[in-house]
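Undergrad: This is entry13.cif (mmCIF, C-alpha atoms).
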data_my_file
#
loop_
_atom_site.label_atom_id
_atom_site.label_comp_id
_atom_site.auth_asym_id
_atom_site.auth_seq_id
_atom_site.Cartn_x
_atom_site.Cartn_y
_atom_site.Cartn_z
CA MET A 2 -82.15 31.35 33.48
CA LYS A 3 -80.30 28.24 32.44
CA ILE A 4 -77.85 26.09 34.41
CA ALA A 5 -75.41 24.61 31.89
CA ASP A 6 -75.18 20.80 31.87
CA GLU A 7 -71.41 21.02 32.37
CA ILE A 8 -72.00 23.03 35.55
CA LEU A 9 -74.77 20.74 36.81
CA ASN A 10 -72.33 17.86 36.42
CA GLN A 11 -69.62 19.68 38.37
CA LEU A 12 -71.74 20.95 41.27
CA LYS A 13 -70.39 19.85 44.64
CA PHE A 14 -72.93 19.62 47.43
CA GLY A 15 -71.74 19.05 50.99
CA ASP A 16 -72.42 15.91 53.01
CA ASN A 17 -75.73 17.52 53.97
CA GLY A 18 -76.66 17.93 50.29
CA LEU A 19 -76.30 21.68 50.44
CA ILE A 20 -74.29 24.30 48.60
CA THR A 21 -73.51 27.79 49.93
CA ALA A 22 -75.14 30.77 48.23
CA ILE A 23 -74.27 34.45 48.55
CA ALA A 24 -76.75 37.18 47.67
CA GLN A 25 -75.32 40.54 46.68
CA ASP A 26 -77.21 43.69 45.71
CA TYR A 27 -77.18 43.88 41.90
CA GLN A 28 -76.62 47.64 41.89
CA THR A 29 -74.52 48.54 44.95
CA ASN A 30 -72.66 45.20 45.28
CA GLU A 31 -73.47 45.19 49.01
CA ILE A 32 -73.47 41.64 50.38
CA LEU A 33 -76.95 40.96 51.71
CA MET A 34 -76.89 37.43 53.10
CA LEU A 35 -75.40 33.98 52.96
CA ALA A 36 -77.57 30.88 53.03
CA PHE A 37 -77.78 27.35 51.65
CA MET A 38 -79.45 25.65 48.71
CA ASN A 39 -80.14 22.05 47.84
CA LEU A 40 -80.26 21.09 44.17
CA GLU A 41 -84.00 21.67 44.02
CA ALA A 42 -83.72 25.18 45.49
CA LEU A 43 -80.94 25.99 43.04
CA GLU A 44 -82.96 24.78 40.06
CA LYS A 45 -86.08 26.58 41.29
CA THR A 46 -84.05 29.79 41.69
CA ALA A 47 -82.73 29.59 38.14
CA GLU A 48 -86.15 28.71 36.72
CA THR A 49 -88.18 31.40 38.55
CA LYS A 50 -85.45 34.05 38.99
CA LYS A 51 -86.55 34.29 42.62
CA ALA A 52 -84.05 33.15 45.27
CA HIS A 53 -85.00 29.87 46.94
CA TYR A 54 -82.95 28.47 49.80
CA TYR A 55 -82.93 25.40 52.01
CA SER A 56 -83.47 26.00 55.70
CA ARG A 57 -81.26 23.82 57.89
CA SER A 58 -83.32 24.60 60.98
CA ARG A 59 -86.69 23.91 59.38
CA ASN A 60 -85.39 21.18 57.04
CA LYS A 61 -87.24 22.52 54.06
CA GLN A 62 -86.84 24.52 50.91
CA TRP A 63 -88.17 28.05 51.08
CA LEU A 64 -88.83 30.94 48.78
CA LYS A 65 -87.04 33.90 50.32
CA GLY A 66 -89.79 36.43 51.04
CA GLU A 67 -92.65 33.94 51.15
CA THR A 68 -93.70 35.33 54.55
CA SER A 69 -92.21 38.81 54.56
CA GLY A 70 -92.75 39.64 50.90
CA HIS A 71 -89.03 40.41 50.72
CA ILE A 72 -88.46 38.44 47.53
CA GLN A 73 -85.04 38.50 45.88
CA ILE A 74 -85.24 38.90 42.11
CA VAL A 75 -82.17 37.22 40.65
CA HIS A 76 -80.43 39.20 37.92
CA GLU A 77 -77.19 37.22 37.59
CA MET A 78 -75.95 33.83 38.83
CA TYR A 79 -72.38 32.65 39.09
CA ILE A 80 -70.62 29.50 40.27
CA ASP A 81 -67.14 29.39 41.75
CA CYS A 82 -64.00 27.60 40.54
CA ASP A 83 -64.62 24.37 42.44
CA ALA A 84 -68.38 24.51 41.89
CA ASP A 85 -69.28 24.46 45.58
CA ALA A 86 -70.54 28.02 46.03
CA VAL A 87 -73.19 30.05 44.23
CA HIS A 88 -73.17 33.83 43.86
CA MET A 89 -76.28 35.79 42.92
CA LYS A 90 -76.76 39.44 42.12
CA VAL A 91 -80.25 40.22 43.34
CA GLU A 92 -82.79 42.97 43.58
CA GLN A 93 -84.00 42.90 47.17
CA LEU A 94 -87.69 43.77 47.37
CA GLY A 95 -88.89 45.43 50.59
CA GLY A 96 -85.45 46.94 51.15
CA GLY A 97 -84.04 44.43 53.61
CA ALA A 98 -82.68 40.89 53.40
CA CYS A 99 -82.24 40.18 57.11
CA HIS A 100 -85.02 38.82 59.29
CA THR A 101 -83.90 41.27 61.99
CA GLY A 102 -84.92 44.24 59.84
CA TYR A 103 -81.46 45.22 58.66
CA ARG A 104 -80.71 45.66 54.99
CA SER A 105 -77.88 43.10 55.19
CA CYS A 106 -77.38 40.21 57.59
CA PHE A 107 -73.81 41.46 58.03
CA TYR A 108 -74.84 44.50 60.06
CA ARG A 109 -72.25 44.03 62.85
CA THR A 110 -68.50 44.39 62.84
CA MET A 111 -66.42 41.74 64.57
CA ASP A 112 -65.71 44.15 67.39
CA GLY A 113 -69.44 44.28 68.08
CA ASN A 114 -70.52 47.58 66.56
CA ILE A 115 -73.82 47.81 64.73
CA VAL A 116 -73.07 49.53 61.43
CA GLY A 117 -75.95 48.30 59.26
CA GLU A 118 -79.04 50.17 58.27
CA LYS A 119 -82.36 49.09 59.79
CA VAL A 120 -84.94 49.29 57.02
CA PHE A 121 -88.01 47.62 58.46
CA ASN A 122 -89.55 46.52 61.74
CA PRO A 123 -89.53 42.70 61.84
CA GLU A 124 -92.71 42.71 63.94
CA ASP A 125 -94.55 44.30 61.05
CA VAL A 126 -93.64 41.65 58.49
CA TYR A 127 -93.36 38.29 60.28
CA MET B 7 -58.46 43.92 64.98
CA LYS B 8 -60.56 42.78 67.89
CA ILE B 9 -63.25 40.12 68.05
CA ALA B 10 -65.71 41.19 70.74
CA ASP B 11 -66.29 38.67 73.53
CA GLU B 12 -70.04 38.80 72.89
CA ILE B 13 -69.42 37.75 69.29
CA LEU B 14 -66.91 35.04 70.23
CA ASN B 15 -69.60 33.62 72.51
CA GLN B 16 -72.21 33.66 69.75
CA LEU B 17 -70.09 32.17 66.93
CA LYS B 18 -71.66 29.08 65.42
CA PHE B 19 -69.28 26.65 63.81
CA GLY B 20 -70.66 23.75 61.78
CA ASP B 21 -70.36 20.09 62.74
CA ASN B 22 -66.95 20.17 61.04
CA GLY B 23 -65.82 23.05 63.28
CA LEU B 24 -65.84 25.50 60.39
CA ILE B 25 -67.53 28.79 59.62
CA THR B 26 -68.05 30.23 56.13
CA ALA B 27 -66.07 33.32 55.15
CA ILE B 28 -66.62 35.65 52.19
CA ALA B 29 -63.87 37.89 50.88
CA GLN B 30 -64.95 41.02 49.02
CA ASP B 31 -62.74 43.65 47.42
CA TYR B 32 -62.61 46.59 49.84
CA GLN B 33 -62.81 49.16 47.06
CA THR B 34 -64.95 47.72 44.25
CA ASN B 35 -67.10 45.40 46.41
CA GLU B 36 -66.45 42.58 43.94
CA ILE B 37 -66.84 39.19 45.63
CA LEU B 38 -63.50 37.45 45.37
CA MET B 39 -63.94 34.05 47.03
CA LEU B 40 -65.73 31.98 49.60
CA ALA B 41 -63.85 29.66 51.92
CA PHE B 42 -63.92 28.28 55.47
CA MET B 43 -62.29 29.15 58.77
CA ASN B 44 -61.90 27.31 62.03
CA LEU B 45 -61.71 29.37 65.22
CA GLU B 46 -57.93 29.51 65.04
CA ALA B 47 -57.95 30.81 61.45
CA LEU B 48 -60.55 33.41 62.40
CA GLU B 49 -58.52 34.61 65.38
CA LYS B 50 -55.30 34.63 63.34
CA THR B 51 -57.05 36.68 60.64
CA ALA B 52 -58.24 39.28 63.14
CA GLU B 53 -54.85 39.41 64.86
CA THR B 54 -52.66 39.69 61.74
CA LYS B 55 -55.15 41.39 59.39
CA LYS B 56 -54.18 38.77 56.79
CA ALA B 57 -56.88 36.30 55.76
CA HIS B 58 -56.32 32.78 57.08
CA TYR B 59 -58.59 29.91 56.10
CA TYR B 60 -58.99 26.23 56.85
CA SER B 61 -58.56 23.87 53.92
CA ARG B 62 -61.06 21.01 53.96
CA SER B 63 -59.06 19.07 51.37
CA ARG B 64 -55.70 19.46 53.11
CA ASN B 65 -57.15 19.48 56.64
CA LYS B 66 -55.06 22.39 57.73
CA GLN B 67 -55.14 26.09 58.40
CA TRP B 68 -53.50 28.21 55.74
CA LEU B 69 -52.47 31.78 55.19
CA LYS B 70 -54.05 32.82 51.89
CA GLY B 71 -51.10 33.73 49.66
CA GLU B 72 -48.49 31.71 51.53
CA THR B 73 -47.45 30.04 48.25
CA SER B 74 -48.63 32.51 45.62
CA GLY B 75 -47.87 35.71 47.50
CA HIS B 76 -51.49 36.70 46.91
CA ILE B 77 -52.10 37.77 50.49
CA GLN B 78 -55.43 39.35 51.44
CA ILE B 79 -55.05 42.38 53.70
CA VAL B 80 -58.19 42.60 55.81
CA HIS B 81 -59.65 46.10 56.12
CA GLU B 82 -63.03 45.30 57.68
CA MET B 83 -64.62 42.24 59.27
CA TYR B 84 -68.30 41.58 59.83
CA ILE B 85 -70.39 38.76 61.28
CA ASP B 86 -73.92 37.90 60.22
CA CYS B 87 -77.15 37.88 62.22
CA ASP B 88 -76.92 34.26 63.35
CA ALA B 89 -73.13 34.41 63.78
CA ASP B 90 -72.38 31.58 61.35
CA ALA B 91 -70.83 33.54 58.47
CA VAL B 92 -67.92 35.97 58.30
CA HIS B 93 -67.58 38.79 55.77
CA MET B 94 -64.28 40.50 55.10
CA LYS B 95 -63.43 43.50 52.98
CA VAL B 96 -59.94 42.80 51.71
CA GLU B 97 -57.17 44.24 49.61
CA GLN B 98 -56.13 41.44 47.29
CA LEU B 99 -52.37 41.55 46.67
CA GLY B 100 -51.18 40.18 43.32
CA GLY B 101 -54.47 41.10 41.68
CA GLY B 102 -56.17 37.71 41.80
CA ALA B 103 -57.85 35.62 44.48
CA CYS B 104 -58.51 32.46 42.49
CA HIS B 105 -55.95 29.68 42.15
CA THR B 106 -56.96 29.45 38.46
CA GLY B 107 -55.58 32.94 37.77
CA TYR B 108 -58.90 34.76 37.72
CA ARG B 109 -59.45 37.83 39.85
CA SER B 110 -62.51 36.23 41.47
CA CYS B 111 -63.37 32.56 41.97
CA PHE B 112 -66.82 33.41 40.59
CA TYR B 113 -65.60 33.85 37.02
CA ARG B 114 -68.34 31.72 35.40
CA THR B 115 -72.04 32.31 34.99
CA MET B 116 -74.44 29.45 35.69
CA ASP B 117 -75.02 29.06 31.97
CA GLY B 118 -71.33 28.29 31.54
CA ASN B 119 -69.89 31.55 30.19
CA ILE B 120 -66.52 32.74 31.39
CA VAL B 121 -66.97 36.37 32.33
CA GLY B 122 -64.12 36.89 34.82
CA GLU B 123 -60.84 38.61 34.23
CA LYS B 124 -57.70 36.46 34.13
CA VAL B 125 -54.99 38.39 35.95
CA PHE B 126 -52.14 35.92 36.34
CA ASN B 127 -50.87 32.61 35.00
CA PRO B 128 -51.22 29.99 37.74
CA GLU B 129 -48.15 28.16 36.45
CA ASP B 130 -46.06 31.17 37.31
CA VAL B 131 -47.11 31.37 40.95
CA TYR B 132 -47.78 27.84 42.22
#
Could you express the structure from this file as structure tokens?
TA:
Amino acid sequence: MKIADEILNQLKFGDNGLITAIAQDYQTNEILMLAFMNLEALEKTAETKKAHYYSRSRNKQWLKGETSGHIQIVHEMYIDCDADAVHMKVEQLGGGACHTGYRSCFYRTMDGNIVGEKVFNPEDVY
Amino acid sequence: MKIADEILNQLKFGDNGLITAIAQDYQTNEILMLAFMNLEALEKTAETKKAHYYSRSRNKQWLKGETSGHIQIVHEMYIDCDADAVHMKVEQLGGGACHTGYRSCFYRTMDGNIVGEKVFNPEDVY
């Protein structure tokens, strides 16, 4: 997957060197997670078609699924109007994107109800 | 729309006092835009069911659509596992979320192709 030079030149990383990335299921359009990428993670994602992010807590780039096996195969990649957010349509291996075992990280409504689907037991994969 | 106390207590705003918010079409699940909220914008959004954001360039809270009329009526609101990202399912009035006239801000692929649908002429609404 190629990142056009014109887009590389426009990319706006925050003061921390990171850009926001949204992963959405490529078939159902369900939003799975939101995380951050540095330039290297973005380039690695495009090159390998596997989502790589940058962990702010661990201060390192990571391949999503490197521990759990829950790799995200990237089918499509988009950039937004002001080139400071990335959107990927992904195929989520292992069924769940969230480290808590839910399919999506957005498994709770604002009023505190759990509405997401639990698809694996985190103790089995981490 | 209520924000549960337990979620208010968990919310993690960045060093800039902002939290990321994703707006998705409530019917098609198309991702429309990504922007930021401060606590006040988040509370105002829940209270009025109209998406409010915080502009980093203008340093102020804004009602999405206050100039263009392209209000986002919020149907559902979610919070992610680590309480640092908000997800809204919205009804986009006026057809387009992007200030450029496209339906979605993510109207370009990473390889530079325009794939989005232009739904209004920005000169007519701003």
Undergrad: Could you tell me, as a PyMOL selection string, exactly which residues end up selected when the PyMOL selection byres ((chain B) within 8 of (chain A)) is applied to this structure?
TA: chain B and resi 7-10+12-13+35-36+39-40+82-87+91+93+104+106+111-118
Undergrad: Please report the interatomic distance between CA of Gly107 (chain B) and CA of Pro128 (chain B) in Å with one decimal.
TA: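 Computing it gives 5.3 Å between the two atoms.
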Undergrad: Considering all atoms listed in the file, can you say which of B:Val80, B:Ser74, B:Leu99, B:Ser63 comes closest to Asn127 (chain B)?
TA: B:Ser74
Undergrad: The PyMOL selection byres ((chain B and resi 45) around 10) on the file shown: which residues, as a PyMOL selection string?
TA: chain B and resi 14+17-19+23-25+43-44+46-51+59-60
Undergrad: Please indicate the distance in Å from CA of Ile79 (chain B) to CA of Ala103 (chain B), rounded to one decimal place.
TA: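 Here the two named atoms are 11.8 Å from each other.
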Undergrad: Any idea what the distance is between CA of Gly101 (chain B) and CA of Trp68 (chain B)?
TA: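 If I compute the distance from CA of Gly101 (chain B) to CA of Trp68 (chain B), I get 19.1 Å.
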Undergrad: Between A:Val91, A:Asp16, A:Gln28, A:Gly97, which is the closest to His53 (chain A) once you count all atoms listed in the file?
TA: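 Counting all atoms listed in the file, the residue closest to His53 (chain A) is A:Val91.
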Undergrad: Compare B:Val131, B:Asn22, B:Arg109, B:Phe42 by their minimum atom-to-atom distance to Gln67 (chain B), counting only C-alpha atoms, and give me the closest one.
TA: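 Ranking B:Val131, B:Asn22, B:Arg109, B:Phe42 by distance to Gln67 (chain B), first place goes to B:Phe42.
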